[in-house]
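Structure first, then comments.
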Amino acid sequence: MEMSRLEKIFVNRSAKGRWNVRRLRKRLETFPMNDVRDVLEIGCGRGDVAAWLAATYPGLRVTGVDVDPEQVALARRVHGETDRLRFVEGDATDLPLADAGVNVVVAHHVFHHLPGWRDAVAELRRVLRPSGAVLWLGLTVPAIVRDVLRPFARKSGLFTFVDVAGAFSAKGLRLVDRRTVWSGPLVHQDLVLRRVELGRAAMTARRTQKSETPSTPSTTNTAPTTIGKIA
Ligand SMILES: C[S@@+](CC[C@H](N)C(=O)[O-])C[C@H]1O[C@@H](n2cnc3c(N)ncnc32)[C@H](O)[C@@H]1O
């Protein structure tokens with residue numbers, strides 16, 4: 001869903017871009033980028049995160065995708081494009097990318113804009129290479145808030161942490177790290193989800209459904225789980 005004018009003013013501030021980069025940089029302190037070649041950022045907005053990734057990791061090819069042509073134009077204007085950085089118009093629920101071409105997907109503050117966020121989960125799985133990972137940085141709500149607000153929020157994504165982790169798990173992306181940045185009525189979480197083989201994923205999904213809790217680290221502010229090499 002495209003943003004309102006007011007939201008654009010807030011989101012497109014350069015200070016917000018710097019904050020986004022700080023968040024991601026912190027997240028990447030314990031995430032192995034050595035073997036990562038192709039990165040996709042969905043809902044890239046003004047493109048600060050995508051541009052920072054391309055500038056910081058000389059081996060990367062980074063694609064920023066946004067559904068709003070104004071946001072794509074802004075990102076191109078602010079950062080330009082190179083052979084390693086491009087901004088593309090596209091919907092996270094129907095990505096204009098080939099299957100299995102990406103090592104890492106970054107989703108920063110975008111899922112709450114997606115009423116069809118479960119379709120986006122399937123798309124991320126489709127474009128990820130084997131052992132690829134999703135860095136999901138966003139907002140979740142407690143179940144009671146989700147249930148109360150759902151009738152009024154048809155144009156947004158409203159989900160609990162369990163909803164998100166469960167949906168990824170059902171598509172073969174296992175939660176390997178979780179950090180809670182802050183919590184209140186909204187919980188700001190950083191999640192790392194890794195593509196696993198389908199047999200294992202199906203078992204994980206079943207376990208998740210059974211216990212109604214995610215299959216992997218679920219405590220807040222835990223020390224990072226070691227993540228192996230990304231394909
Ligand atoms: C809150 S902004 C976040 C932008 C940036 N990631 C950040 O954290 O500052 C959400 C972005 O997602 C984009 N967006 C919304 N729905 C989308 C969709 N279905 N597919 C791709 N991008 C979408 C919006 O246009 C907007 O740029």
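In the structure tokens, chains take the letters A, B, ... in the order shown, each chain's residues start at 1, and ligands count up from 1 in the order shown.
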
Quiz item: Neighbours of stretch 11-22 of chain A within 8 Å (only C-alpha atoms; same-chain residues fewer than 3 positions away dropped), as a VMD selection string?
Solution: chain A and resid 7 to 8 25 to 26 45 to 46 48 to 49 52 108

Take the residues just selected and output them with C-alpha atoms as a tab-separated table (two decimals), in the first residue's frame.
```tsv
chain	number	residue	atom	x	y	z
A	7	GLU	CA	3.68	9.48	6.09
A	8	LYS	CA	6.01	10.24	3.18
A	25	ARG	CA	24.43	-1.99	10.80
A	26	LYS	CA	23.82	-3.16	14.37
A	45	GLY	CA	11.57	3.91	0.32
A	46	ARG	CA	14.18	6.59	-0.33
A	48	ASP	CA	19.23	4.76	2.12
A	49	VAL	CA	19.60	1.20	3.37
A	52	TRP	CA	24.51	1.98	2.31
A	108	HIS	CA	12.63	-2.84	7.00
```

Quiz item: Which residues form the shell of 7 Å around ligand 1 when you count only C-alpha atoms and all ligand atoms, given as a ChimeraX atom specification?
Solution: /A:1-3,11-12,16-17,20,42-46,65-68,71,90-93,107-110,113-114

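The shortest atom-to-atom distance to A:Pro130, with only C-alpha atoms taken into account, belongs to A:Gly101 out of A:Gly157, A:Pro32, A:Gly116, A:Gly101.
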
Exercise. Using DSSP on the backbone coordinates, identify all residues within stretch 42-198 of chain A classified as strand (DSSP E or B); present the result as a ChimeraX atom specification.
Key: /A:42,61-66,82,85-89,91,94,102-108,128-140,173-183,187-195

Exercise. Write down as a count of residues only the residues of stretch 35-141 of chain A whose backbone DSSP state falls under alpha helix (DSSP H).
Key: 31

Quiz item: In Å to one decimal, how far is atom CA of A:Ala100 from atom CA of A:Phe161?
Solution: 25.8 Å

Find the nearest atom pair between each residue of stretch 80-116 of chain A and stretch 57-60 of chain A for residues within 12 Å, count only C-alpha atoms, give distances in Å to one decimal, sort rows by chain and ascending number, and present the table as CSV.
```
residue,atom,partner,partner_atom,distance
A:Thr82,CA,A:Leu60,CA,11.5
A:Asp83,CA,A:Leu60,CA,10.1
A:Arg84,CA,A:Leu60,CA,6.6
A:Leu85,CA,A:Leu60,CA,8.6
A:Arg86,CA,A:Leu60,CA,11.6
A:Val102,CA,A:Leu60,CA,10.7
A:Asn103,CA,A:Leu60,CA,10.0
A:Val104,CA,A:Leu60,CA,10.4
```

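When atom CA of A:Ala133 is paired with atom CA of A:Val36, their separation reads 9.9 Å.
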
Quiz item: For A:Phe111, which residue among A:Met33, A:Ala165, A:Leu139, A:Ala98 is the nearest when counting only C-alpha atoms?
Solution: A:Leu139

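Counting only C-alpha atoms and comparing A:Phe87, A:Trp136, A:Phe159, A:Phe152, the residue that lies closest to A:Asp190 is A:Trp136.
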
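Reported to one decimal place, the separation of atom CA of A:Leu137 from atom CA of A:Val192 is 8.7 Å.
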
Quiz item: With only C-alpha atoms as the basis for distance, which of A:Val88, A:Ala122, A:Val78, A:Leu158 is at the shortest distance from A:Ala143?
Solution: A:Leu158
